[in-house]
Amino acid sequence: MGNVFKGAKRVVIKIGSALLVDQSAGTVRRDWLAALSKDVAMLRARGAQVLIVSSGSIAAGRRHLGLQNRGLKLEEKQAAAATGQITLAHAYQESLAAEGFTAAQILLTPGDTEERRRHLNARATILQLLSLGAVPVINENDTVATAEIRYGDNDRLAARVATMVSADTLVLLSDIDGLYTADPRKDETAKHLPVVDRLTPEILAMAGNVAVSAERGGFSTGGMVTKLEAAKIALGGGCRMIIARGNDPHPLQALVDGARCTVFTAPEKPVAARKRWIAGQLNASGTLVVDKGAAEALANGKSLLPAGVVRVDGAFERGDPVNVAGPDGNRLAVGLTAYSSTDAEKIVGRQSKEIADILGFEGRSALIHRDDLALLSDTGKTGRSTEKDLSQPVA
Ligand code: GLU
């Protein structure tokens with residue numbers, strides 16, 4: 001198969017605990033991480049932005065607290081994560097700095113990707129970090145996430161992150177080089193699948209047959225089941241997903257050189273998926289009526305600035321879906337608003353630079369950023385939620 005990173009512009013790499021942390025010593029595998037950082041530099045040199053979703057906080061933290069490596073209670077895991085995350089952050093900071101990159105730590109809880117308002121905040125910060133050249137290093141905020149409200153595994157967290165930032169490629173580094181029809185360690189007839197174009201029930205059923213051995217250790221929760229759940233999320237967000245073996249140094253370079261892996265192809269581009277998701281929001285709670293100039297600017301792919309809005313109808317909160325209507329009342333677009341209706345009413349018709357003075361806080365310059373706006377002319381007015389919308393936040 002050709003180079004899996006061809007055309008990749010924004011890549012999320014998920015690193016499992018078993019790869020990063022020596023399971024018996026509980027220490028970070030520094031040499032492996034140094035090689036991985038070189039691989040990150042290789043992707044950056046190819047013109048891709050890179051984000052890392054890293055597990056390992058619990059595995060790296062337990063020894064500081066004298067905890068065994070099996071059978072930890074939830075609160076012990078959370079305590080271990082609190083100390084281990086510091087170790088991880090240092091390790092990434094040092095290894096990435098050796099390649100000339102600034103590491104930026106982000107710890108997420110499900111609300112940050114699932115609630116629209118917080119999703120917009122997390123997305124804006126991560127995109128800002130990427131545009132400033134940093135490498136975001138992301139994990140679940142294990143210390144405060146509780147049993148009921150956790151992602152629980154970083155495969156799905158990585159997929160949520162990938163769709164949140166409109167990544168085009170997600171790589172799950174694991175101890176197995178892809179999806180097999182059965183467990184290759186137990187069944188000689190097991191076949192490796194290099195490409196999966198559709199997540200059929202047959203494909204999903206294969207996950208049950210294959211456990212990911214090293215990850216059955218004390219700290220990681222990922223197996224093939226969560227990997228395929230991650231695929232559902234990623235593909236729905238227009239992001240292709242790759243399962244690859246990460247045990248040896250330079251796993252990403254190995255992929256460039258043609259190492260075996262499974263590529264799950266995405267049916268559409270991330271931007272199209274995001275616009276479709278926004279257009280599919282059926283519960284718009286208000287309308288922003290815009291003037292002719294703003295209507296033209298929107299048609300040209302621009303953001304909606306307060307200056308072009310003449311009226312605010314309805315009551316909504318930041319992050320809610322709202323309709324955008326032209327001067328004649330025709331619905332032009334659906335977007336996720338950066339301001340509540342109360343604040344929007346105060347700033348409409350005004351210049352973006354006046355916002356801070358009017359509202360008393362520094363907000364976004366656009367009322368609806370172009371990434372958060374779906375023109376009905378572009379999306380075919382589908383307005384239907386499909387199962388693909390699982391990839392996007394829902395509340
Ligand atoms: N967030 C957990 C950690 O850093 C790992 C979750 C997982 O293994 O998928 O230890």
# chains A, B, ... in the order shown; residues from 1 in each chain; ligands from 1
>>> residues_near_ligand(ligand="ligand 1", cutoff="9 Å", atoms="only C-alpha atoms and all ligand atoms", output="PyMOL selection string")
chain A and resi 15-18+54-61+77-78+80-81+84-85+88+139-142+151-157+215+219-223+226
>>> closest_atom_pairs(of="range 97-172 of chain A", to="range 239-258 of chain A", cutoff="12 Å", atoms="only C-alpha atoms", output="JSON lines")
{"residue": "A:Asp155", "atom": "CA", "partner": "A:Ile243", "partner_atom": "CA", "distance": 10.4}
{"residue": "A:Arg156", "atom": "CA", "partner": "A:Met241", "partner_atom": "CA", "distance": 11.6}
{"residue": "A:Ala158", "atom": "CA", "partner": "A:Met241", "partner_atom": "CA", "distance": 10.4}
{"residue": "A:Ala159", "atom": "CA", "partner": "A:Cys239", "partner_atom": "CA", "distance": 8.5}
{"residue": "A:Arg160", "atom": "CA", "partner": "A:Cys239", "partner_atom": "CA", "distance": 10.4}
{"residue": "A:Val161", "atom": "CA", "partner": "A:Cys239", "partner_atom": "CA", "distance": 10.7}
{"residue": "A:Ala162", "atom": "CA", "partner": "A:Cys239", "partner_atom": "CA", "distance": 7.1}
{"residue": "A:Thr163", "atom": "CA", "partner": "A:Cys239", "partner_atom": "CA", "distance": 6.9}
{"residue": "A:Met164", "atom": "CA", "partner": "A:Cys239", "partner_atom": "CA", "distance": 10.4}
{"residue": "A:Val165", "atom": "CA", "partner": "A:Cys239", "partner_atom": "CA", "distance": 10.2}
{"residue": "A:Ser166", "atom": "CA", "partner": "A:Cys239", "partner_atom": "CA", "distance": 7.4}
{"residue": "A:Ala167", "atom": "CA", "partner": "A:Cys239", "partner_atom": "CA", "distance": 6.0}
{"residue": "A:Asp168", "atom": "CA", "partner": "A:Cys239", "partner_atom": "CA", "distance": 4.4}
{"residue": "A:Thr169", "atom": "CA", "partner": "A:Arg240", "partner_atom": "CA", "distance": 5.0}
{"residue": "A:Leu170", "atom": "CA", "partner": "A:Met241", "partner_atom": "CA", "distance": 4.7}
{"residue": "A:Val171", "atom": "CA", "partner": "A:Ile242", "partner_atom": "CA", "distance": 4.7}
{"residue": "A:Leu172", "atom": "CA", "partner": "A:Ile243", "partner_atom": "CA", "distance": 4.9}
>>> atom_distance(atom1="CA of Thr287 in chain A", atom2="CA of Asp313 in chain A")
5.0 Å
>>> select_by_dssp(residues="range 174-390 of chain A", states="alpha helix (DSSP H)", output="MDAnalysis selection string")
chainID A and resid 201:207 224:236 251:256 270:279 292:299 341:347 355:359 376:379
>>> closest_residue(among="A:Arg260, A:Arg311, A:Arg123, A:Arg63", to="Asn3 in chain A", atoms="only C-alpha atoms")
A:Arg260
>>> closest_residue(among="A:Arg70, A:Lys346, A:Lys9, A:Arg274", to="Ser24 in chain A", atoms="only C-alpha atoms")
A:Arg70
>>> residues_around(residues="range 34-38 of chain A", least_positions_apart="6", cutoff="12 Å", atoms="only C-alpha atoms", output="PyMOL selection string")
chain A and resi 13-15+19-20+28+44-45+50-52+91-103+135+137+173+246-254
>>> write_last_selection(atoms="N, CA, C and O atoms", output="compact mmCIF listing (two decimals), in the first residue's frame")
# COMPACT_ATOMS: atom_id res chain seq x y z
N ILE A 13 -1.87 11.27 16.71
CA ILE A 13 -1.20 10.00 17.01
C ILE A 13 -1.60 9.58 18.41
O ILE A 13 -1.37 10.32 19.37
N LYS A 14 -2.19 8.40 18.53
CA LYS A 14 -2.56 7.90 19.86
C LYS A 14 -1.53 6.88 20.32
O LYS A 14 -1.22 5.92 19.61
N ILE A 15 -0.99 7.14 21.50
CA ILE A 15 0.06 6.28 22.04
C ILE A 15 -0.45 5.59 23.29
O ILE A 15 -0.86 6.25 24.25
N LEU A 19 3.11 1.02 25.22
CA LEU A 19 4.23 1.42 24.37
C LEU A 19 5.15 2.40 25.09
O LEU A 19 6.36 2.34 24.98
N LEU A 20 4.53 3.29 25.82
CA LEU A 20 5.28 4.42 26.38
C LEU A 20 5.92 4.11 27.72
O LEU A 20 6.97 4.66 28.06
N VAL A 28 9.08 5.76 32.01
CA VAL A 28 8.86 6.11 30.60
C VAL A 28 10.00 5.55 29.75
O VAL A 28 11.17 5.64 30.13
N ARG A 44 6.07 16.64 10.50
CA ARG A 44 6.01 18.11 10.41
C ARG A 44 6.76 18.58 9.16
O ARG A 44 6.31 19.48 8.45
N ALA A 45 7.89 17.95 8.90
CA ALA A 45 8.67 18.34 7.72
C ALA A 45 7.90 18.03 6.43
O ALA A 45 8.11 18.66 5.40
N VAL A 50 0.78 18.01 13.93
CA VAL A 50 0.71 16.75 14.68
C VAL A 50 0.17 17.01 16.09
O VAL A 50 0.59 17.96 16.76
N LEU A 51 -0.76 16.16 16.50
CA LEU A 51 -1.25 16.17 17.88
C LEU A 51 -1.01 14.78 18.44
O LEU A 51 -1.13 13.79 17.70
N ILE A 52 -0.69 14.72 19.73
CA ILE A 52 -0.47 13.42 20.35
C ILE A 52 -1.54 13.21 21.42
O ILE A 52 -1.80 14.12 22.21
N ALA A 91 8.46 14.25 30.15
CA ALA A 91 9.08 13.40 29.13
C ALA A 91 8.77 13.94 27.73
O ALA A 91 9.67 14.05 26.88
N TYR A 92 7.52 14.31 27.50
CA TYR A 92 7.16 14.86 26.17
C TYR A 92 7.85 16.20 25.94
O TYR A 92 8.33 16.49 24.84
N GLN A 93 7.85 17.02 26.97
CA GLN A 93 8.47 18.35 26.80
C GLN A 93 9.93 18.19 26.37
O GLN A 93 10.38 18.82 25.42
N GLU A 94 10.65 17.33 27.08
CA GLU A 94 12.08 17.15 26.76
C GLU A 94 12.29 16.52 25.39
O GLU A 94 13.09 17.01 24.60
N SER A 95 11.54 15.47 25.10
CA SER A 95 11.77 14.77 23.83
C SER A 95 11.39 15.64 22.64
O SER A 95 12.08 15.64 21.63
N LEU A 96 10.28 16.36 22.75
CA LEU A 96 9.87 17.20 21.63
C LEU A 96 10.80 18.41 21.49
O LEU A 96 11.11 18.85 20.38
N ALA A 97 11.27 18.92 22.64
CA ALA A 97 12.19 20.07 22.58
C ALA A 97 13.47 19.68 21.85
O ALA A 97 14.06 20.49 21.13
N ALA A 98 13.89 18.43 22.03
CA ALA A 98 15.12 17.97 21.35
C ALA A 98 14.96 18.06 19.83
O ALA A 98 15.93 18.14 19.09
N GLU A 99 13.71 18.05 19.36
CA GLU A 99 13.44 18.18 17.91
C GLU A 99 13.03 19.61 17.56
O GLU A 99 12.59 19.88 16.45
N GLY A 100 13.08 20.49 18.55
CA GLY A 100 12.77 21.90 18.29
C GLY A 100 11.30 22.25 18.43
O GLY A 100 10.86 23.31 17.97
N PHE A 101 10.51 21.39 19.10
CA PHE A 101 9.07 21.67 19.23
C PHE A 101 8.67 21.96 20.67
O PHE A 101 9.24 21.41 21.61
N THR A 102 7.67 22.81 20.80
CA THR A 102 7.11 23.11 22.11
C THR A 102 5.93 22.18 22.36
O THR A 102 5.01 22.10 21.55
N ALA A 103 5.97 21.48 23.50
CA ALA A 103 4.86 20.61 23.86
C ALA A 103 3.83 21.43 24.62
O ALA A 103 4.18 22.31 25.40
N VAL A 135 3.11 21.31 19.68
CA VAL A 135 2.57 19.95 19.54
C VAL A 135 1.69 19.68 20.77
O VAL A 135 2.20 19.49 21.87
N VAL A 137 -0.19 17.75 23.48
CA VAL A 137 -0.11 16.41 24.06
C VAL A 137 -1.32 16.27 24.98
O VAL A 137 -1.46 17.00 25.96
N LEU A 173 -1.46 3.75 17.65
CA LEU A 173 -0.30 2.88 17.79
C LEU A 173 -0.58 1.85 18.88
O LEU A 173 -0.96 2.20 19.99
N GLY A 246 3.27 -0.28 17.25
CA GLY A 246 4.14 0.80 17.70
C GLY A 246 5.30 0.36 18.56
O GLY A 246 6.10 1.20 19.00
N ASN A 247 5.45 -0.93 18.80
CA ASN A 247 6.45 -1.38 19.77
C ASN A 247 7.88 -0.97 19.43
O ASN A 247 8.64 -0.57 20.30
N ASP A 248 8.25 -1.10 18.16
CA ASP A 248 9.63 -0.79 17.79
C ASP A 248 9.80 0.71 17.62
O ASP A 248 8.83 1.42 17.36
N PRO A 249 11.04 1.20 17.75
CA PRO A 249 11.27 2.64 17.55
C PRO A 249 10.86 3.07 16.13
O PRO A 249 10.88 2.26 15.21
N HIS A 250 10.51 4.30 15.98
CA HIS A 250 10.14 4.91 14.69
C HIS A 250 8.94 4.25 14.00
O HIS A 250 8.99 3.93 12.80
N PRO A 251 7.85 4.08 14.72
CA PRO A 251 6.68 3.43 14.09
C PRO A 251 6.06 4.26 12.97
O PRO A 251 5.48 3.68 12.05
N LEU A 252 6.17 5.58 13.03
CA LEU A 252 5.54 6.40 11.98
C LEU A 252 6.40 6.39 10.72
O LEU A 252 5.89 6.31 9.60
N GLN A 253 7.72 6.43 10.93
CA GLN A 253 8.63 6.29 9.78
C GLN A 253 8.40 4.93 9.12
O GLN A 253 8.39 4.82 7.88
N ALA A 254 8.18 3.91 9.96
CA ALA A 254 7.92 2.57 9.41
C ALA A 254 6.68 2.60 8.51
O ALA A 254 6.66 1.97 7.45
>>> select_by_dssp(residues="range 294-390 of chain A", states="strand (DSSP E)", output="JSON, numbers by chain")
{"A": [309, 310, 311, 312, 313, 314, 321, 322, 323, 324, 325, 331, 332, 333, 334, 335, 336, 373, 374, 375]}
>>> write_last_selection(atoms="C-alpha atoms", output="PDB file, in the first residue's frame")
ATOM      1  CA  VAL A 309     -26.094  41.454  11.680  1.00  0.00           C
ATOM      2  CA  VAL A 310     -29.225  43.597  11.849  1.00  0.00           C
ATOM      3  CA  ARG A 311     -31.415  41.600  14.231  1.00  0.00           C
ATOM      4  CA  VAL A 312     -31.277  38.793  16.793  1.00  0.00           C
ATOM      5  CA  ASP A 313     -34.368  36.604  17.202  1.00  0.00           C
ATOM      6  CA  GLY A 314     -34.864  33.969  19.900  1.00  0.00           C
ATOM      7  CA  PRO A 321     -27.026  26.197  16.682  1.00  0.00           C
ATOM      8  CA  VAL A 322     -28.718  29.255  15.187  1.00  0.00           C
ATOM      9  CA  ASN A 323     -30.126  30.031  11.775  1.00  0.00           C
ATOM     10  CA  VAL A 324     -28.742  32.825   9.663  1.00  0.00           C
ATOM     11  CA  ALA A 325     -31.321  34.588   7.491  1.00  0.00           C
ATOM     12  CA  ARG A 331     -32.582  30.929   5.670  1.00  0.00           C
ATOM     13  CA  LEU A 332     -28.995  31.037   4.374  1.00  0.00           C
ATOM     14  CA  ALA A 333     -27.007  29.023   6.865  1.00  0.00           C
ATOM     15  CA  VAL A 334     -26.879  27.264  10.211  1.00  0.00           C
ATOM     16  CA  GLY A 335     -24.020  27.988  12.569  1.00  0.00           C
ATOM     17  CA  LEU A 336     -22.776  27.512  16.097  1.00  0.00           C
ATOM     18  CA  LEU A 373     -21.028  27.777   9.725  1.00  0.00           C
ATOM     19  CA  ALA A 374     -22.776  25.580   7.170  1.00  0.00           C
ATOM     20  CA  LEU A 375     -24.251  27.331   4.149  1.00  0.00           C
TER      21      LEU A 375
END
>>> atom_distance(atom1="CA of Val348 in chain A", atom2="CA of Ala307 in chain A")
5.8 Å
>>> closest_residue(among="A:Leu65, A:Ile368, A:Ala89, A:Val144", to="Leu33 in chain A", atoms="only C-alpha atoms")
A:Ala89
>>> closest_residue(among="A:Arg118, A:Arg62, A:Arg10, A:Arg350", to="Leu367 in chain A", atoms="only C-alpha atoms")
A:Arg350
>>> atom_distance(atom1="CA of Thr146 in chain A", atom2="CA of Thr109 in chain A")
9.4 Å
>>> residues_around(residues="Thr337 in chain A", least_positions_apart="6", cutoff="12 Å", atoms="only C-alpha atoms", output="ChimeraX atom specification")
/A:116-117,120-121,278,284-288,303-306,312,315-324,343-344,363-374
>>> decode(residues="range 107-145 of chain A", atoms="C-alpha atoms", output="mmCIF file, in the first residue's frame")
data_model
loop_
_atom_site.group_PDB
_atom_site.id
_atom_site.type_symbol
_atom_site.label_atom_id
_atom_site.label_comp_id
_atom_site.auth_asym_id
_atom_site.auth_seq_id
_atom_site.Cartn_x
_atom_site.Cartn_y
_atom_site.Cartn_z
ATOM 1 C CA LEU A 107 -6.280 17.354 29.806
ATOM 2 C CA LEU A 108 -9.850 16.774 28.709
ATOM 3 C CA THR A 109 -13.018 15.444 30.270
ATOM 4 C CA PRO A 110 -15.925 14.236 28.113
ATOM 5 C CA GLY A 111 -17.791 17.520 28.455
ATOM 6 C CA ASP A 112 -14.963 19.258 26.623
ATOM 7 C CA THR A 113 -15.669 17.345 23.453
ATOM 8 C CA GLU A 114 -19.354 16.506 23.911
ATOM 9 C CA GLU A 115 -20.858 19.851 24.893
ATOM 10 C CA ARG A 116 -20.999 22.288 22.044
ATOM 11 C CA ARG A 117 -19.952 25.350 24.023
ATOM 12 C CA ARG A 118 -16.943 23.675 25.613
ATOM 13 C CA HIS A 119 -16.126 21.931 22.350
ATOM 14 C CA LEU A 120 -15.801 25.350 20.701
ATOM 15 C CA ASN A 121 -13.446 26.509 23.454
ATOM 16 C CA ALA A 122 -11.253 23.417 23.362
ATOM 17 C CA ARG A 123 -11.182 23.450 19.560
ATOM 18 C CA ALA A 124 -10.215 27.125 19.413
ATOM 19 C CA THR A 125 -7.367 26.653 21.897
ATOM 20 C CA ILE A 126 -5.996 23.549 20.198
ATOM 21 C CA LEU A 127 -6.153 25.161 16.744
ATOM 22 C CA GLN A 128 -4.378 28.198 18.162
ATOM 23 C CA LEU A 129 -1.614 25.998 19.567
ATOM 24 C CA LEU A 130 -1.228 24.266 16.209
ATOM 25 C CA SER A 131 -1.038 27.544 14.352
ATOM 26 C CA LEU A 132 1.679 28.663 16.783
ATOM 27 C CA GLY A 133 3.663 25.551 15.949
ATOM 28 C CA ALA A 134 3.212 23.682 19.254
ATOM 29 C CA VAL A 135 2.574 19.948 19.539
ATOM 30 C CA PRO A 136 -0.500 19.396 21.741
ATOM 31 C CA VAL A 137 -0.114 16.405 24.056
ATOM 32 C CA ILE A 138 -3.544 15.340 25.210
ATOM 33 C CA ASN A 139 -4.826 12.900 27.813
ATOM 34 C CA GLU A 140 -7.995 12.396 29.731
ATOM 35 C CA ASN A 141 -8.109 14.404 32.938
ATOM 36 C CA ASP A 142 -8.113 11.128 34.861
ATOM 37 C CA THR A 143 -7.719 12.749 38.247
ATOM 38 C CA VAL A 144 -11.096 14.457 38.175
ATOM 39 C CA ALA A 145 -13.020 12.345 35.662
#
